[in-house]
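Undergrad: Okay, so here is start-v4.cif, and as you'll see once you scroll down, it has mmCIF, C-alpha atoms.
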data_upload
loop_
_atom_site.group_PDB
_atom_site.id
_atom_site.type_symbol
_atom_site.label_atom_id
_atom_site.label_comp_id
_atom_site.auth_asym_id
_atom_site.auth_seq_id
_atom_site.Cartn_x
_atom_site.Cartn_y
_atom_site.Cartn_z
ATOM 1 C CA MET A 1 -36.355 -0.960 -15.262
ATOM 2 C CA THR A 2 -33.383 -0.048 -13.069
ATOM 3 C CA PRO A 3 -30.158 0.459 -15.065
ATOM 4 C CA ARG A 4 -27.513 -2.153 -14.265
ATOM 5 C CA TYR A 5 -23.964 -2.992 -15.181
ATOM 6 C CA ARG A 6 -23.304 -6.317 -16.891
ATOM 7 C CA LEU A 7 -20.079 -8.288 -16.680
ATOM 8 C CA GLN A 8 -19.834 -8.704 -20.452
ATOM 9 C CA ASP A 9 -19.923 -4.910 -20.923
ATOM 10 C CA LEU A 10 -17.410 -4.438 -18.141
ATOM 11 C CA LYS A 11 -14.950 -6.880 -19.683
ATOM 12 C CA ARG A 12 -15.265 -5.191 -23.069
ATOM 13 C CA SER A 13 -14.673 -1.732 -21.526
ATOM 14 C CA LEU A 14 -11.587 -2.882 -19.641
ATOM 15 C CA SER A 15 -10.048 -5.087 -22.326
ATOM 16 C CA SER A 16 -7.789 -2.330 -23.689
ATOM 17 C CA SER A 17 -6.050 -2.048 -20.293
ATOM 18 C CA LEU A 18 -4.553 -5.541 -20.643
ATOM 19 C CA PRO A 19 -1.845 -6.663 -20.438
ATOM 20 C CA PRO A 20 -0.694 -4.503 -17.506
ATOM 21 C CA GLY A 21 1.965 -1.889 -18.229
ATOM 22 C CA PRO A 22 5.302 -1.598 -16.413
ATOM 23 C CA ASP A 23 5.188 -1.312 -12.636
ATOM 24 C CA PRO A 24 5.872 2.138 -11.107
ATOM 25 C CA ALA A 25 9.548 3.027 -10.792
ATOM 26 C CA ALA A 26 9.095 4.063 -7.136
ATOM 27 C CA ALA A 27 11.001 2.106 -4.507
ATOM 28 C CA ARG A 28 7.742 1.590 -2.588
ATOM 29 C CA SER A 29 4.545 0.503 -4.320
ATOM 30 C CA ALA A 30 1.343 -1.389 -3.637
ATOM 31 C CA ALA A 31 -1.527 -3.151 -5.384
ATOM 32 C CA VAL A 32 -5.168 -3.921 -4.688
ATOM 33 C CA ALA A 33 -7.800 -6.184 -6.220
ATOM 34 C CA ALA A 34 -11.227 -4.833 -7.162
ATOM 35 C CA LEU A 35 -13.334 -8.004 -7.160
ATOM 36 C CA LEU A 36 -16.536 -8.057 -9.213
ATOM 37 C CA ARG A 37 -19.376 -10.532 -9.598
ATOM 38 C CA GLU A 38 -22.788 -10.708 -11.246
ATOM 39 C CA GLY A 39 -25.486 -10.029 -8.638
ATOM 40 C CA GLU A 40 -29.262 -9.673 -8.610
ATOM 41 C CA LEU A 41 -28.960 -5.911 -9.298
ATOM 42 C CA GLY A 42 -26.151 -6.215 -11.829
ATOM 43 C CA VAL A 43 -22.405 -6.172 -11.254
ATOM 44 C CA GLU A 44 -21.328 -5.918 -7.623
ATOM 45 C CA VAL A 45 -17.952 -4.870 -6.195
ATOM 46 C CA LEU A 46 -16.427 -6.212 -2.988
ATOM 47 C CA PHE A 47 -15.319 -3.834 -0.253
ATOM 48 C CA ILE A 48 -13.591 -5.023 2.904
ATOM 49 C CA ARG A 49 -13.441 -3.286 6.267
ATOM 50 C CA ARG A 50 -9.933 -3.047 7.606
ATOM 51 C CA ALA A 51 -9.410 -3.915 11.249
ATOM 52 C CA GLU A 52 -8.849 -1.048 13.650
ATOM 53 C CA ARG A 53 -5.168 -1.043 14.486
ATOM 54 C CA GLU A 54 -3.135 1.632 16.229
ATOM 55 C CA GLY A 55 -0.600 3.234 13.906
ATOM 56 C CA ASP A 56 -2.371 2.065 10.724
ATOM 57 C CA PRO A 57 -3.288 5.113 8.586
ATOM 58 C CA TRP A 58 -6.162 3.116 7.028
ATOM 59 C CA SER A 59 -7.450 1.626 10.288
ATOM 60 C CA GLY A 60 -11.150 0.748 10.068
ATOM 61 C CA HIS A 61 -11.528 1.967 6.465
ATOM 62 C CA MET A 62 -13.616 0.342 3.742
ATOM 63 C CA ALA A 63 -11.129 -0.747 1.079
ATOM 64 C CA PHE A 64 -10.148 -3.272 -1.554
ATOM 65 C CA PRO A 65 -7.987 -6.249 -0.554
ATOM 66 C CA GLY A 66 -4.343 -5.409 -1.122
ATOM 67 C CA GLY A 67 -1.163 -3.983 0.288
ATOM 68 C CA ARG A 68 2.479 -3.212 -0.252
ATOM 69 C CA ARG A 69 4.696 -5.117 -2.637
ATOM 70 C CA ASP A 70 7.015 -7.630 -0.995
ATOM 71 C CA PRO A 71 10.546 -8.277 -2.306
ATOM 72 C CA GLY A 72 9.434 -11.783 -3.293
ATOM 73 C CA ASP A 73 6.587 -10.559 -5.521
ATOM 74 C CA ALA A 74 7.409 -10.873 -9.218
ATOM 75 C CA ASP A 75 5.306 -7.790 -9.998
ATOM 76 C CA LEU A 76 2.338 -5.819 -8.689
ATOM 77 C CA LEU A 77 -0.126 -8.334 -10.109
ATOM 78 C CA ALA A 78 1.523 -10.934 -7.892
ATOM 79 C CA THR A 79 1.172 -8.513 -4.985
ATOM 80 C CA ALA A 80 -2.576 -8.130 -5.546
ATOM 81 C CA ILE A 81 -3.036 -11.901 -5.801
ATOM 82 C CA ARG A 82 -0.930 -12.633 -2.705
ATOM 83 C CA GLU A 83 -2.538 -9.934 -0.565
ATOM 84 C CA THR A 84 -6.060 -11.020 -1.531
ATOM 85 C CA HIS A 85 -5.281 -14.593 -0.537
ATOM 86 C CA GLU A 86 -3.698 -13.508 2.745
ATOM 87 C CA GLU A 87 -6.450 -11.068 3.724
ATOM 88 C CA ILE A 88 -9.667 -12.799 2.655
ATOM 89 C CA GLY A 89 -8.605 -16.340 1.720
ATOM 90 C CA VAL A 90 -9.490 -16.103 -1.988
ATOM 91 C CA ASP A 91 -7.072 -17.609 -4.510
ATOM 92 C CA LEU A 92 -7.522 -15.382 -7.557
ATOM 93 C CA ARG A 93 -5.462 -17.715 -9.739
ATOM 94 C CA ALA A 94 -8.132 -20.385 -9.246
ATOM 95 C CA ALA A 95 -11.327 -18.400 -8.621
ATOM 96 C CA GLY A 96 -10.785 -15.153 -10.526
ATOM 97 C CA GLU A 97 -10.237 -13.810 -14.026
ATOM 98 C CA LEU A 98 -8.154 -10.665 -14.563
ATOM 99 C CA THR A 99 -10.365 -8.344 -16.613
ATOM 100 C CA GLY A 100 -8.534 -5.025 -16.409
ATOM 101 C CA VAL A 101 -6.106 -2.620 -14.782
ATOM 102 C CA LEU A 102 -6.956 0.886 -13.600
ATOM 103 C CA GLU A 103 -4.622 3.877 -13.468
ATOM 104 C CA ASP A 104 -2.197 4.028 -10.541
ATOM 105 C CA GLN A 105 -3.231 6.133 -7.558
ATOM 106 C CA ASP A 106 -1.034 7.673 -4.873
ATOM 107 C CA ALA A 107 -2.102 6.372 -1.474
ATOM 108 C CA THR A 108 -1.784 8.817 1.387
ATOM 109 C CA GLY A 109 -3.103 8.578 4.919
ATOM 110 C CA GLN A 110 -2.935 10.172 8.331
ATOM 111 C CA GLY A 111 0.676 10.100 9.472
ATOM 112 C CA THR A 112 2.109 9.038 6.107
ATOM 113 C CA GLN A 113 5.060 11.033 4.831
ATOM 114 C CA LEU A 114 5.474 9.668 1.311
ATOM 115 C CA ALA A 115 2.917 8.819 -1.342
ATOM 116 C CA LEU A 116 2.575 5.114 -2.113
ATOM 117 C CA PRO A 117 1.868 4.395 -5.811
ATOM 118 C CA THR A 118 -0.930 1.837 -5.806
ATOM 119 C CA ARG A 119 -2.192 -0.147 -8.801
ATOM 120 C CA PRO A 120 -5.789 -1.467 -8.877
ATOM 121 C CA PHE A 121 -6.329 -4.761 -10.721
ATOM 122 C CA VAL A 122 -9.900 -5.704 -11.629
ATOM 123 C CA PHE A 123 -10.949 -9.351 -11.327
ATOM 124 C CA GLU A 124 -14.179 -11.151 -12.119
ATOM 125 C CA LEU A 125 -15.165 -13.864 -9.677
ATOM 126 C CA GLY A 126 -17.020 -16.454 -11.694
ATOM 127 C CA ARG A 127 -18.340 -18.463 -8.775
ATOM 128 C CA ASP A 128 -19.275 -17.999 -5.140
ATOM 129 C CA VAL A 129 -16.275 -17.979 -2.860
ATOM 130 C CA ARG A 130 -15.908 -18.340 0.886
ATOM 131 C CA PHE A 131 -13.969 -15.726 2.773
ATOM 132 C CA THR A 132 -11.439 -16.438 5.494
ATOM 133 C CA PHE A 133 -10.317 -13.164 7.066
ATOM 134 C CA ASN A 134 -6.909 -12.638 8.602
ATOM 135 C CA HIS A 135 -6.187 -10.181 11.433
ATOM 136 C CA GLU A 136 -6.246 -7.210 9.012
ATOM 137 C CA VAL A 137 -9.893 -7.590 7.921
ATOM 138 C CA THR A 138 -13.160 -7.658 9.895
ATOM 139 C CA GLU A 139 -15.834 -7.991 7.181
ATOM 140 C CA ALA A 140 -16.567 -7.974 3.449
ATOM 141 C CA VAL A 141 -19.527 -6.351 1.702
ATOM 142 C CA TRP A 142 -20.796 -6.900 -1.860
ATOM 143 C CA THR A 143 -22.187 -3.600 -3.239
ATOM 144 C CA PRO A 144 -23.982 -2.999 -6.583
ATOM 145 C CA LEU A 145 -22.146 -0.546 -8.846
ATOM 146 C CA ALA A 146 -25.228 1.153 -10.326
ATOM 147 C CA PRO A 147 -26.299 3.024 -7.129
ATOM 148 C CA LEU A 148 -22.739 4.308 -6.744
ATOM 149 C CA TYR A 149 -22.781 5.667 -10.291
ATOM 150 C CA SER A 150 -26.223 7.274 -9.892
ATOM 151 C CA GLY A 151 -25.280 9.054 -6.673
ATOM 152 C CA ALA A 152 -27.954 7.239 -4.667
ATOM 153 C CA LYS A 153 -25.340 6.278 -2.057
ATOM 154 C CA GLY A 154 -23.517 9.631 -2.115
ATOM 155 C CA THR A 155 -22.424 11.401 1.062
ATOM 156 C CA THR A 156 -19.412 13.353 2.363
ATOM 157 C CA VAL A 157 -16.727 12.697 4.949
ATOM 158 C CA ASN A 158 -15.089 15.510 6.939
ATOM 159 C CA VAL A 159 -11.385 14.943 7.510
ATOM 160 C CA THR A 160 -8.409 16.952 8.685
ATOM 161 C CA TYR A 161 -5.211 16.363 6.733
ATOM 162 C CA ARG A 162 -1.971 18.180 7.554
ATOM 163 C CA GLY A 163 -3.883 20.812 9.472
ATOM 164 C CA GLN A 164 -6.441 21.504 6.744
ATOM 165 C CA ASP A 165 -10.141 20.566 6.924
ATOM 166 C CA TYR A 166 -11.739 18.879 3.919
ATOM 167 C CA ALA A 167 -15.220 17.622 3.002
ATOM 168 C CA LEU A 168 -14.554 14.648 0.740
ATOM 169 C CA PRO A 169 -17.053 12.835 -1.502
ATOM 170 C CA ALA A 170 -17.982 9.348 -0.341
ATOM 171 C CA TRP A 171 -20.559 6.561 -0.591
ATOM 172 C CA ASP A 172 -22.534 5.269 2.381
ATOM 173 C CA ILE A 173 -22.929 1.565 1.637
ATOM 174 C CA GLY A 174 -24.647 0.695 4.919
ATOM 175 C CA PRO A 175 -22.017 -1.209 6.890
ATOM 176 C CA GLY A 176 -19.484 1.580 6.258
ATOM 177 C CA VAL A 177 -18.477 4.598 4.196
ATOM 178 C CA VAL A 178 -16.214 4.358 1.151
ATOM 179 C CA TRP A 179 -14.013 7.417 0.722
ATOM 180 C CA GLY A 180 -10.454 8.505 -0.018
ATOM 181 C CA LEU A 181 -8.255 6.171 -2.055
ATOM 182 C CA THR A 182 -10.909 3.471 -2.530
ATOM 183 C CA TYR A 183 -13.476 6.080 -3.589
ATOM 184 C CA ARG A 184 -11.048 7.437 -6.198
ATOM 185 C CA MET A 185 -10.281 3.963 -7.530
ATOM 186 C CA THR A 186 -13.937 2.986 -7.738
ATOM 187 C CA SER A 187 -14.785 6.311 -9.404
ATOM 188 C CA THR A 188 -12.129 5.541 -12.028
ATOM 189 C CA LEU A 189 -13.719 2.141 -12.613
ATOM 190 C CA LEU A 190 -17.145 3.755 -13.064
ATOM 191 C CA ARG A 191 -15.749 6.314 -15.529
ATOM 192 C CA VAL A 192 -14.207 3.527 -17.608
ATOM 193 C CA LEU A 193 -17.482 1.630 -17.657
ATOM 194 C CA GLY A 194 -19.700 4.633 -18.397
ATOM 195 C CA ALA A 195 -23.413 4.688 -17.621
ATOM 196 C CA PRO A 196 -25.054 1.347 -16.796
ATOM 197 C CA THR A 197 -27.389 -0.119 -19.430
#
Using structure tokens, write down the structure that the file contains.
TA:
Amino acid sequence: MTPRYRLQDLKRSLSSSLPPGPDPAAARSAAVAALLREGELGVEVLFIRRAEREGDPWSGHMAFPGGRRDPGDADLLATAIRETHEEIGVDLRAAGELTGVLEDQDATGQGTQLALPTRPFVFELGRDVRFTFNHEVTEAVWTPLAPLYSGAKGTTVNVTYRGQDYALPAWDIGPGVVWGLTYRMTSTLLRVLGAPT
């Protein structure tokens, strides 16, 4: 039998991360939402493909819904909820359950000068939802977690950053390749969960 993650185990593993701690002290910060659901092969995570836009350091990347905190956001949780609704049309207050918070990651990209502290919030989607993409998103892909953990989807991406060449670990999920910030966040999620059962 193929090992698989289960939502009940996931929620138990992440429970100690709630409630969220204080937001980063940095003047600029961001938040994303890692959306999970129970699928045929166990727990699945949602990746979106960002639209290709000139000047966007994450143009065309596979990512989680999210973005920078607005002055009107009460906190970074509000940022993740707002950005998810704006980008893919999902109201997490109605359709999701906050199950955990992962450690902050510094987002960097081609052409960026300053790191952007980014907080990943993990939500369970308890029912099927319909996506409505805005101009920042071109598609969404549900991907089982177990093949990511096992290395079955593993690959590398060659990038040049500040004049230096790097071969970075990644996952080839078919429609696109997950690497960089989203790879680090998802790897953190997998470490918290441990091996699938």
Undergrad: Nearest residue to Ser16 (chain A) out of A:Leu102, A:Ala51, A:Ala95, A:Leu116, using only C-alpha atoms?
TA: A:Leu102
Undergrad: Just to confirm, what's the straight-line distance from CA of Thr99 (chain A) to CA of Arg6 (chain A) in Å (one decimal)?
TA: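 Answer for the CA of Thr99 (chain A) to CA of Arg6 (chain A) separation: 13.1 Å.
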Undergrad: I need the residue nearest Ala146 (chain A) from this list: A:Phe131, A:Trp179, A:Tyr161, A:Tyr5. Use all atoms listed in the file for the distance.
TA: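 Closest to Ala146 (chain A), using all atoms listed in the file: A:Tyr5.
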Undergrad: Have a look at CA of Pro120 (chain A) and CA of Val32 (chain A) and let me know their distance in Å, one decimal.
TA: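 Taking CA of Pro120 (chain A) as the start and CA of Val32 (chain A) as the end point, the length is 4.9 Å.
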Undergrad: (-23.9, 4.9, -11.4) in this file's frame - what residues fall within 9 Å of it? Use only C-alpha atoms and give the answer as a list in words.
TA: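 Neighbouring residues, ordered by chain and number, come to Pro3, Arg4, Tyr5, Leu145, Ala146, Pro147, Leu148, Tyr149, Ser150, Gly151, Ala152, Leu190, Gly194, Ala195 and Pro196 of chain A.
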Undergrad: Give the answer as one residue: which of A:Trp171, A:Ala33, A:Leu125, A:Gly89 has the shortest atom-to-atom distance to Gly67 (chain A), using all atoms listed in the file?
TA: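 Comparing A:Trp171, A:Ala33, A:Leu125, A:Gly89 against Gly67 (chain A), the winner is A:Ala33.
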Undergrad: At what distance in Å, to one decimal, does CA of Leu41 (chain A) lie from CA of Ala80 (chain A)?
TA: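 CA of Leu41 (chain A) lies 26.7 Å from CA of Ala80 (chain A).
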Undergrad: For Ala25 (chain A), find every residue with an atom within 12 Å (counting all atoms listed in the file), except residues of its own chain fewer than 4 positions away, and show them as a PDB file with C-alpha atoms, in the frame of the given file.
TA:
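Result file follows (part.pdb):
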ATOM      1  CA  GLY A  21       1.965  -1.889 -18.229  1.00  0.00           C
ATOM      2  CA  SER A  29       4.545   0.503  -4.320  1.00  0.00           C
ATOM      3  CA  ALA A  30       1.343  -1.389  -3.637  1.00  0.00           C
ATOM      4  CA  ASP A  75       5.306  -7.790  -9.998  1.00  0.00           C
ATOM      5  CA  LEU A  76       2.338  -5.819  -8.689  1.00  0.00           C
ATOM      6  CA  ASP A 104      -2.197   4.028 -10.541  1.00  0.00           C
ATOM      7  CA  LEU A 116       2.575   5.114  -2.113  1.00  0.00           C
ATOM      8  CA  PRO A 117       1.868   4.395  -5.811  1.00  0.00           C
ATOM      9  CA  THR A 118      -0.930   1.837  -5.806  1.00  0.00           C
TER      10      THR A 118
END
Undergrad: Select, from A:Val192, A:Val129, A:Val177, A:Ala115, the residue with the minimum atom-to-atom distance to Gly96 (chain A), counting only C-alpha atoms.
TA: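 With only C-alpha atoms as the atom set, the closest residue is A:Val129.
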Undergrad: For Arg82 (chain A), work out the shell of residues within 10 Å, counting only C-alpha atoms and skipping chain neighbours fewer than 3 positions away, then give it as a list in words.
TA: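 These residues fall inside the cut-off: Ala31, Val32, Pro65, Gly66, Gly67, Arg69, Asp70, Asp73, Leu76, Leu77, Ala78, Thr79, His85, Glu86, Glu87, Gly89, Val90, Asp91, Leu92 and Arg93 of chain A.
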